[in-house]
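Enquirer: What follows is model-v9.cif, made up of mmCIF, C-alpha atoms, pLDDT in the B column; chains and numbers go by the auth columns:
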data_upload
loop_
_atom_site.group_PDB
_atom_site.id
_atom_site.type_symbol
_atom_site.label_atom_id
_atom_site.label_comp_id
_atom_site.label_asym_id
_atom_site.label_seq_id
_atom_site.Cartn_x
_atom_site.Cartn_y
_atom_site.Cartn_z
_atom_site.B_iso_or_equiv
_atom_site.auth_seq_id
_atom_site.auth_asym_id
ATOM 1 C CA MET A 1 -17.360 -25.645 -6.746 50.00 1136 A
ATOM 2 C CA SER A 2 -14.151 -24.623 -4.948 49.00 1137 A
ATOM 3 C CA PHE A 3 -10.704 -23.847 -6.297 50.00 1138 A
ATOM 4 C CA TYR A 4 -7.551 -23.591 -4.239 49.00 1139 A
ATOM 5 C CA LEU A 5 -3.807 -23.893 -4.542 47.00 1140 A
ATOM 6 C CA ARG A 6 -2.349 -27.391 -4.655 47.00 1141 A
ATOM 7 C CA GLU A 7 -0.378 -26.591 -1.476 47.00 1142 A
ATOM 8 C CA CYS A 8 -3.670 -26.670 0.478 52.00 1143 A
ATOM 9 C CA TYR A 9 -3.389 -30.435 0.543 50.00 1144 A
ATOM 10 C CA TYR A 10 0.151 -30.432 1.828 50.00 1145 A
ATOM 11 C CA GLN A 11 0.930 -27.207 3.681 55.00 1146 A
ATOM 12 C CA LYS A 12 -1.277 -24.144 4.041 61.00 1147 A
ATOM 13 C CA CYS A 13 -4.050 -22.521 2.045 64.00 1148 A
ATOM 14 C CA ASP A 14 -3.225 -19.027 0.834 75.00 1149 A
ATOM 15 C CA MET A 15 -6.278 -18.602 -1.402 79.00 1150 A
ATOM 16 C CA VAL A 16 -9.663 -20.192 -1.916 81.00 1151 A
ATOM 17 C CA PHE A 17 -12.430 -19.303 -4.395 83.00 1152 A
ATOM 18 C CA THR A 18 -15.923 -20.812 -4.495 84.00 1153 A
ATOM 19 C CA VAL A 19 -18.742 -20.275 -6.958 84.00 1154 A
ATOM 20 C CA CYS A 20 -22.264 -21.680 -6.970 85.00 1155 A
ATOM 21 C CA PRO A 21 -25.584 -20.767 -8.564 81.00 1156 A
ATOM 22 C CA ASP A 22 -27.600 -18.509 -6.249 77.00 1157 A
ATOM 23 C CA ASN A 23 -30.720 -18.805 -8.405 77.00 1158 A
ATOM 24 C CA ALA A 24 -31.475 -18.984 -12.123 77.00 1159 A
ATOM 25 C CA THR A 25 -29.649 -15.742 -12.967 87.00 1160 A
ATOM 26 C CA TYR A 26 -27.092 -15.124 -10.201 89.00 1161 A
ATOM 27 C CA LEU A 27 -23.830 -16.753 -9.148 88.00 1162 A
ATOM 28 C CA GLY A 28 -22.768 -16.602 -5.526 90.00 1163 A
ATOM 29 C CA MET A 29 -19.018 -16.241 -5.037 91.00 1164 A
ATOM 30 C CA GLU A 30 -16.688 -16.336 -2.064 91.00 1165 A
ATOM 31 C CA VAL A 31 -12.994 -15.613 -1.940 89.00 1166 A
ATOM 32 C CA GLN A 32 -10.483 -15.867 0.874 86.00 1167 A
ATOM 33 C CA ALA A 33 -6.857 -14.858 0.618 83.00 1168 A
ATOM 34 C CA GLN A 34 -3.905 -14.391 2.896 78.00 1169 A
ATOM 35 C CA TYR A 35 -2.162 -11.032 3.045 75.00 1170 A
ATOM 36 C CA GLU A 36 0.957 -9.679 4.667 71.00 1171 A
ATOM 37 C CA GLY A 37 0.749 -7.103 7.431 71.00 1172 A
ATOM 38 C CA VAL A 38 -1.670 -6.247 10.215 70.00 1173 A
ATOM 39 C CA ASP A 39 -5.443 -6.643 10.197 65.00 1174 A
ATOM 40 C CA ASP A 40 -6.445 -3.218 8.942 69.00 1175 A
ATOM 41 C CA SER A 41 -8.410 -1.799 6.044 72.00 1176 A
ATOM 42 C CA LYS A 42 -5.427 -1.434 3.714 79.00 1177 A
ATOM 43 C CA HIS A 43 -5.722 -4.761 1.886 83.00 1178 A
ATOM 44 C CA TRP A 44 -7.789 -6.114 -0.993 85.00 1179 A
ATOM 45 C CA VAL A 45 -8.775 -9.498 -2.356 87.00 1180 A
ATOM 46 C CA ALA A 46 -9.981 -10.026 -5.919 88.00 1181 A
ATOM 47 C CA ILE A 47 -11.319 -12.478 -8.448 90.00 1182 A
ATOM 48 C CA GLY A 48 -10.457 -11.702 -12.068 89.00 1183 A
ATOM 49 C CA PHE A 49 -12.085 -13.260 -15.115 89.00 1184 A
ATOM 50 C CA SER A 50 -10.005 -13.495 -18.270 89.00 1185 A
ATOM 51 C CA ARG A 51 -10.595 -14.522 -21.866 88.00 1186 A
ATOM 52 C CA ASP A 52 -7.098 -16.039 -21.986 87.00 1187 A
ATOM 53 C CA ASP A 53 -4.452 -17.120 -19.490 83.00 1188 A
ATOM 54 C CA LYS A 54 -3.313 -13.563 -18.661 84.00 1189 A
ATOM 55 C CA MET A 55 -4.940 -10.631 -16.892 81.00 1190 A
ATOM 56 C CA GLY A 56 -5.148 -7.499 -19.017 80.00 1191 A
ATOM 57 C CA ASP A 57 -8.270 -5.804 -20.343 85.00 1192 A
ATOM 58 C CA ASP A 58 -10.397 -8.135 -18.236 90.00 1193 A
ATOM 59 C CA GLY A 59 -13.043 -7.844 -15.513 90.00 1194 A
ATOM 60 C CA VAL A 60 -12.273 -7.979 -11.793 91.00 1195 A
ATOM 61 C CA PHE A 61 -14.407 -8.207 -8.657 91.00 1196 A
ATOM 62 C CA LEU A 62 -12.282 -6.469 -6.014 89.00 1197 A
ATOM 63 C CA CYS A 63 -13.187 -6.315 -2.322 88.00 1198 A
ATOM 64 C CA HIS A 64 -11.640 -4.255 0.443 85.00 1199 A
ATOM 65 C CA HIS A 65 -12.633 -2.949 3.840 75.00 1200 A
ATOM 66 C CA LYS A 66 -12.786 0.756 2.987 68.00 1201 A
ATOM 67 C CA ASP A 67 -15.712 0.524 0.568 56.00 1202 A
ATOM 68 C CA LYS A 68 -19.050 0.519 2.356 61.00 1203 A
ATOM 69 C CA ASP A 69 -20.261 -2.026 -0.192 60.00 1204 A
ATOM 70 C CA TYR A 70 -16.994 -3.982 0.251 80.00 1205 A
ATOM 71 C CA CYS A 71 -16.965 -5.427 -3.273 87.00 1206 A
ATOM 72 C CA ASN A 72 -16.924 -3.475 -6.518 87.00 1207 A
ATOM 73 C CA LYS A 73 -16.220 -4.010 -10.178 89.00 1208 A
ATOM 74 C CA PHE A 74 -12.836 -3.013 -11.532 89.00 1209 A
ATOM 75 C CA TRP A 75 -11.305 -3.283 -14.996 88.00 1210 A
ATOM 76 C CA ASN A 76 -7.747 -4.518 -15.364 86.00 1211 A
ATOM 77 C CA VAL A 77 -6.177 -2.339 -18.049 75.00 1212 A
ATOM 78 C CA ASP A 78 -3.013 -2.949 -20.041 67.00 1213 A
ATOM 79 C CA THR A 79 -2.597 0.434 -21.679 59.00 1214 A
ATOM 80 C CA PRO A 80 -1.518 3.127 -21.168 53.00 1215 A
ATOM 81 C CA SER A 81 -0.082 1.369 -18.095 56.00 1216 A
ATOM 82 C CA LYS A 82 -0.890 -1.823 -16.238 59.00 1217 A
ATOM 83 C CA ASN A 83 -3.386 -0.893 -13.546 68.00 1218 A
ATOM 84 C CA THR A 84 -6.795 -1.773 -12.152 76.00 1219 A
ATOM 85 C CA VAL A 85 -9.486 0.904 -12.500 80.00 1220 A
ATOM 86 C CA LYS A 86 -12.793 0.996 -10.647 82.00 1221 A
ATOM 87 C CA THR A 87 -15.732 1.035 -13.037 85.00 1222 A
ATOM 88 C CA LYS A 88 -19.076 2.790 -12.624 82.00 1223 A
ATOM 89 C CA ASP A 89 -20.936 -0.549 -12.642 80.00 1224 A
ATOM 90 C CA ALA A 90 -22.984 -0.895 -9.462 79.00 1225 A
ATOM 91 C CA ASP A 91 -24.802 -4.203 -9.892 83.00 1226 A
ATOM 92 C CA ILE A 92 -22.686 -6.359 -7.580 86.00 1227 A
ATOM 93 C CA GLU A 93 -24.328 -7.414 -4.308 83.00 1228 A
ATOM 94 C CA SER A 94 -21.972 -7.794 -1.334 74.00 1229 A
ATOM 95 C CA THR A 95 -23.169 -10.343 1.188 75.00 1230 A
ATOM 96 C CA GLY A 96 -20.277 -10.700 3.618 83.00 1231 A
ATOM 97 C CA PHE A 97 -16.816 -9.472 4.514 85.00 1232 A
ATOM 98 C CA ALA A 98 -14.284 -10.242 7.270 83.00 1233 A
ATOM 99 C CA VAL A 99 -10.632 -9.620 8.097 82.00 1234 A
ATOM 100 C CA ASN A 100 -8.899 -11.759 10.725 82.00 1235 A
ATOM 101 C CA LYS A 101 -5.387 -12.993 11.497 80.00 1236 A
ATOM 102 C CA GLY A 102 -3.875 -12.194 8.115 80.00 1237 A
ATOM 103 C CA PHE A 103 -6.795 -13.468 6.036 83.00 1238 A
ATOM 104 C CA MET A 104 -9.486 -11.547 4.184 85.00 1239 A
ATOM 105 C CA TYR A 105 -12.829 -13.096 3.230 88.00 1240 A
ATOM 106 C CA ALA A 106 -15.489 -11.649 0.941 90.00 1241 A
ATOM 107 C CA ALA A 107 -18.799 -13.001 -0.351 91.00 1242 A
ATOM 108 C CA PHE A 108 -21.017 -11.514 -3.034 91.00 1243 A
ATOM 109 C CA LYS A 109 -23.409 -12.406 -5.794 90.00 1244 A
ATOM 110 C CA GLN A 110 -23.510 -11.212 -9.357 91.00 1245 A
ATOM 111 C CA LYS A 111 -25.876 -11.620 -12.268 91.00 1246 A
ATOM 112 C CA PHE A 112 -24.502 -14.006 -14.872 91.00 1247 A
ATOM 113 C CA PRO A 113 -23.303 -13.500 -17.569 91.00 1248 A
ATOM 114 C CA PHE A 114 -21.038 -10.834 -16.059 91.00 1249 A
ATOM 115 C CA THR A 115 -20.792 -7.397 -17.667 92.00 1250 A
ATOM 116 C CA TRP A 116 -18.317 -4.595 -17.104 92.00 1251 A
ATOM 117 C CA THR A 117 -18.096 -1.117 -18.590 90.00 1252 A
ATOM 118 C CA ASN A 118 -14.599 -0.838 -20.025 88.00 1253 A
ATOM 119 C CA PRO A 119 -13.299 2.551 -18.749 85.00 1254 A
ATOM 120 C CA SER A 120 -10.874 2.809 -21.687 83.00 1255 A
ATOM 121 C CA ASN A 121 -13.579 2.973 -24.346 87.00 1256 A
ATOM 122 C CA GLY A 122 -16.968 3.008 -22.528 89.00 1257 A
ATOM 123 C CA LYS A 123 -18.085 -0.246 -24.171 92.00 1258 A
ATOM 124 C CA THR A 124 -19.915 -2.999 -22.310 93.00 1259 A
ATOM 125 C CA GLU A 125 -17.803 -6.147 -22.046 91.00 1260 A
ATOM 126 C CA THR A 126 -19.589 -9.468 -21.418 92.00 1261 A
ATOM 127 C CA PHE A 127 -18.033 -12.529 -19.816 90.00 1262 A
ATOM 128 C CA ASP A 128 -20.087 -15.707 -20.120 88.00 1263 A
ATOM 129 C CA ASP A 129 -19.635 -19.451 -20.329 84.00 1264 A
ATOM 130 C CA GLU A 130 -18.239 -19.096 -23.863 86.00 1265 A
ATOM 131 C CA THR A 131 -15.658 -16.403 -23.087 88.00 1266 A
ATOM 132 C CA ILE A 132 -14.290 -17.095 -19.580 86.00 1267 A
ATOM 133 C CA HIS A 133 -11.044 -18.991 -19.948 84.00 1268 A
ATOM 134 C CA THR A 134 -9.246 -18.460 -16.633 84.00 1269 A
ATOM 135 C CA VAL A 135 -10.137 -17.190 -13.167 85.00 1270 A
ATOM 136 C CA PHE A 136 -7.437 -15.380 -11.202 85.00 1271 A
ATOM 137 C CA ILE A 137 -7.399 -14.904 -7.435 85.00 1272 A
ATOM 138 C CA ALA A 138 -5.166 -12.217 -5.953 84.00 1273 A
ATOM 139 C CA SER A 139 -4.587 -10.101 -2.868 84.00 1274 A
ATOM 140 C CA GLY A 140 -2.501 -7.070 -2.029 83.00 1275 A
ATOM 141 C CA GLN A 141 -2.480 -3.614 -0.492 83.00 1276 A
ATOM 142 C CA MET A 142 -4.440 -0.492 -1.410 82.00 1277 A
ATOM 143 C CA SER A 143 -2.710 2.791 -2.241 82.00 1278 A
ATOM 144 C CA THR A 144 -2.482 5.411 0.502 83.00 1279 A
ATOM 145 C CA ASP A 145 -5.577 7.168 -0.876 80.00 1280 A
ATOM 146 C CA MET A 146 -7.468 3.837 -0.522 77.00 1281 A
ATOM 147 C CA THR A 147 -8.892 4.046 -4.051 77.00 1282 A
ATOM 148 C CA THR A 148 -6.323 2.199 -6.167 78.00 1283 A
ATOM 149 C CA PRO A 149 -5.162 -1.366 -5.577 82.00 1284 A
ATOM 150 C CA LEU A 150 -1.406 -1.771 -5.660 79.00 1285 A
ATOM 151 C CA LYS A 151 0.233 -4.759 -7.366 77.00 1286 A
ATOM 152 C CA HIS A 152 -0.763 -8.085 -5.871 75.00 1287 A
ATOM 153 C CA LYS A 153 1.408 -9.832 -3.291 69.00 1288 A
ATOM 154 C CA HIS A 154 -0.241 -13.256 -3.708 66.00 1289 A
ATOM 155 C CA HIS A 155 -1.953 -14.695 -6.745 70.00 1290 A
ATOM 156 C CA ALA A 156 -3.222 -17.949 -8.214 67.00 1291 A
ATOM 157 C CA MET A 157 -5.027 -19.048 -11.348 69.00 1292 A
ATOM 158 C CA THR A 158 -7.400 -21.855 -12.179 67.00 1293 A
ATOM 159 C CA PRO A 159 -7.149 -24.218 -15.113 60.00 1294 A
ATOM 160 C CA SER A 160 -9.231 -23.443 -18.188 57.00 1295 A
ATOM 161 C CA MET A 161 -12.803 -22.786 -16.998 53.00 1296 A
ATOM 162 C CA GLY A 162 -14.842 -24.031 -19.957 51.00 1297 A
ATOM 163 C CA PHE A 163 -16.192 -26.911 -17.886 46.00 1298 A
ATOM 164 C CA LEU A 164 -17.484 -24.715 -15.059 51.00 1299 A
ATOM 165 C CA PHE A 165 -20.379 -22.946 -16.713 47.00 1300 A
#
Would it be possible to restate this file's structure as structure tokens?
Expert:
Amino acid sequence: MSFYLRECYYQKCDMVFTVCPDNATYLGMEVQAQYEGVDDSKHWVAIGFSRDDKMGDDGVFLCHHKDKDYCNKFWNVDTPSKNTVKTKDADIESTGFAVNKGFMYAAFKQKFPFTWTNPSNGKTETFDDETIHTVFIASGQMSTDMTTPLKHKHHAMTPSMGFLF
């Protein structure tokens, strides 16, 4: 199943997200997003899963060129300040990554239901077919230390996802 901005039909595609079962317990995912600037390792692309129609205290799969594994789990925190923090979860499997002509592409698979360790309280947070409401796609630049994603430059969201799973 693919999701993309309505403008893809009429103008240009800035973001595309696909998801499909990889086997009985994994979902394969791909994301492609446009970014501003040169083709270097200073950009990220992400898929965020939310329990409502806003990102905040939700799980994120974030991919960028600097990480040897390309894709990692992050947690989007609201307090004490809005930011995205890399978690210690290491169960994501990167399967592909490319940067070319202002677009970044990443592919990975993840066991479903998804779990993240919330860095604010250390608790395991589960996202499954009952709790995922919205999927967000975003892209932006990394900080100069290449460890923290800066605020997104492009973003999109899907309709309610209850029908997907």
Enquirer: Identify which of the residues A:Lys1286, A:Lys1258, A:Lys1223, A:Lys1246 lies closest to A:Asn1207, counting only C-alpha atoms when measuring atom-to-atom distances.
Expert: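 Of A:Lys1286, A:Lys1258, A:Lys1223, A:Lys1246, the one nearest A:Asn1207 is A:Lys1223, counting only C-alpha atoms.
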Enquirer: Hey, what comes out of the PyMOL selection byres ((chain A and resi 1244) around 8) on this file? Could you write it as number ranges by chain?
Expert: A: 1157, 1161-1164, 1227-1230, 1242-1243, 1245-1246
Enquirer: Can I get the selected residues back with C-alpha atoms, as an mmCIF file, in the frame of the given file?
Expert:
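Produced file again-v6.cif, reproduced below:
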data_model
loop_
_atom_site.group_PDB
_atom_site.id
_atom_site.type_symbol
_atom_site.label_atom_id
_atom_site.label_comp_id
_atom_site.auth_asym_id
_atom_site.auth_seq_id
_atom_site.Cartn_x
_atom_site.Cartn_y
_atom_site.Cartn_z
ATOM 1 C CA ASP A 1157 -27.600 -18.509 -6.249
ATOM 2 C CA TYR A 1161 -27.092 -15.124 -10.201
ATOM 3 C CA LEU A 1162 -23.830 -16.753 -9.148
ATOM 4 C CA GLY A 1163 -22.768 -16.602 -5.526
ATOM 5 C CA MET A 1164 -19.018 -16.241 -5.037
ATOM 6 C CA ILE A 1227 -22.686 -6.359 -7.580
ATOM 7 C CA GLU A 1228 -24.328 -7.414 -4.308
ATOM 8 C CA SER A 1229 -21.972 -7.794 -1.334
ATOM 9 C CA THR A 1230 -23.169 -10.343 1.188
ATOM 10 C CA ALA A 1242 -18.799 -13.001 -0.351
ATOM 11 C CA PHE A 1243 -21.017 -11.514 -3.034
ATOM 12 C CA GLN A 1245 -23.510 -11.212 -9.357
ATOM 13 C CA LYS A 1246 -25.876 -11.620 -12.268
#
Enquirer: Which distance in Å separates atom CA of A:Ile1272 and atom CA of A:His1199, to one decimal?
Expert: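 Computing it gives 13.9 Å between the two atoms.
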Enquirer: What is the distance between atom CA of A:Val1173 and atom CA of A:Thr1222, in Å to one decimal?
Expert: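 Here the two named atoms are 28.1 Å from each other.
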Enquirer: Please report the interatomic distance between atom CA of A:Ala1159 and atom CA of A:Asp1264 in Å with one decimal.
Expert: 14.4 Å
Enquirer: Given the file above and the PyMOL selection byres ((chain A and resi 1182) around 6), which residues are selected, and can you give them as a VMD selection string?
Expert: chain A and resid 1181 1183 1195 to 1196 1271 to 1272
Enquirer: Looking at A:Ala1241, A:Val1151, A:Ala1225, A:Leu1285, which one is nearest to A:Tyr1205, with distances taken over all atoms listed in the file?
Expert: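 Of A:Ala1241, A:Val1151, A:Ala1225, A:Leu1285, the one nearest A:Tyr1205, counting all atoms listed in the file, is A:Ala1241.
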Enquirer: Which residue gives the smallest distance to A:Val1180 among A:Gln1276, A:Thr1266, A:Thr1252, A:Asn1158, with only C-alpha atoms counted?
Expert: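 Nearest to A:Val1180: A:Gln1276.
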Enquirer: Please write as a PyMOL selection string the list of polymer residues whose atoms come within 12 Å of (-7.1, -13.5, 13.6), counting only C-alpha atoms and keeping to the coordinates of the file.
Expert: chain A and resi 1169-1170+1172-1175+1233-1240
Enquirer: What residues come out when you apply the PyMOL selection byres ((chain A and resi 1191) around 6) to this file, written as a PyMOL selection string?
Expert: chain A and resi 1190+1192-1193+1211-1213
Enquirer: Emit the selected residues as a short mmCIF file (atom, residue, chain, number, x, y, z; two decimals), keeping the file's coordinate frame, including C-alpha atoms.
Expert:
data_model
loop_
_atom_site.label_atom_id
_atom_site.label_comp_id
_atom_site.auth_asym_id
_atom_site.auth_seq_id
_atom_site.Cartn_x
_atom_site.Cartn_y
_atom_site.Cartn_z
CA MET A 1190 -4.94 -10.63 -16.89
CA ASP A 1192 -8.27 -5.80 -20.34
CA ASP A 1193 -10.40 -8.14 -18.24
CA ASN A 1211 -7.75 -4.52 -15.36
CA VAL A 1212 -6.18 -2.34 -18.05
CA ASP A 1213 -3.01 -2.95 -20.04
#
Enquirer: Go through A:Phe1249, A:Phe1152, A:Trp1179, A:Phe1184 and flag the residue nearest A:Ile1267, using all atoms listed in the file for the distances.
Expert: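 So, comparing all the options, the nearest one is A:Phe1184.
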Enquirer: Which of these, A:Thr1250, A:Arg1186, A:Thr1160, A:Trp1210, has the shortest distance to A:Asp1226 once you count only C-alpha atoms?
Expert: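 Among A:Thr1250, A:Arg1186, A:Thr1160, A:Trp1210, it is A:Thr1250 that comes nearest to A:Asp1226.
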Enquirer: Would you compute the box with edges along x, y and z of the file around stretch 1189-1203 of chain A, including every atom the file lists for it and 8 Å extra on each side, and give its centre and edge lengths in Å to one decimal, as lines of an AutoDock Vina configuration file?
Expert:
center_x = -11.2
center_y = -6.4
center_z = -8.3
size_x = 31.7
size_y = 30.3
size_z = 40.2
Enquirer: Counting only C-alpha atoms, figure out which residue out of A:Met1281, A:Val1220, A:Ala1273, A:Val1166 gets nearest to A:Lys1208.
Expert: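 Among the listed residues, the smallest separation from A:Lys1208 belongs to A:Val1220.
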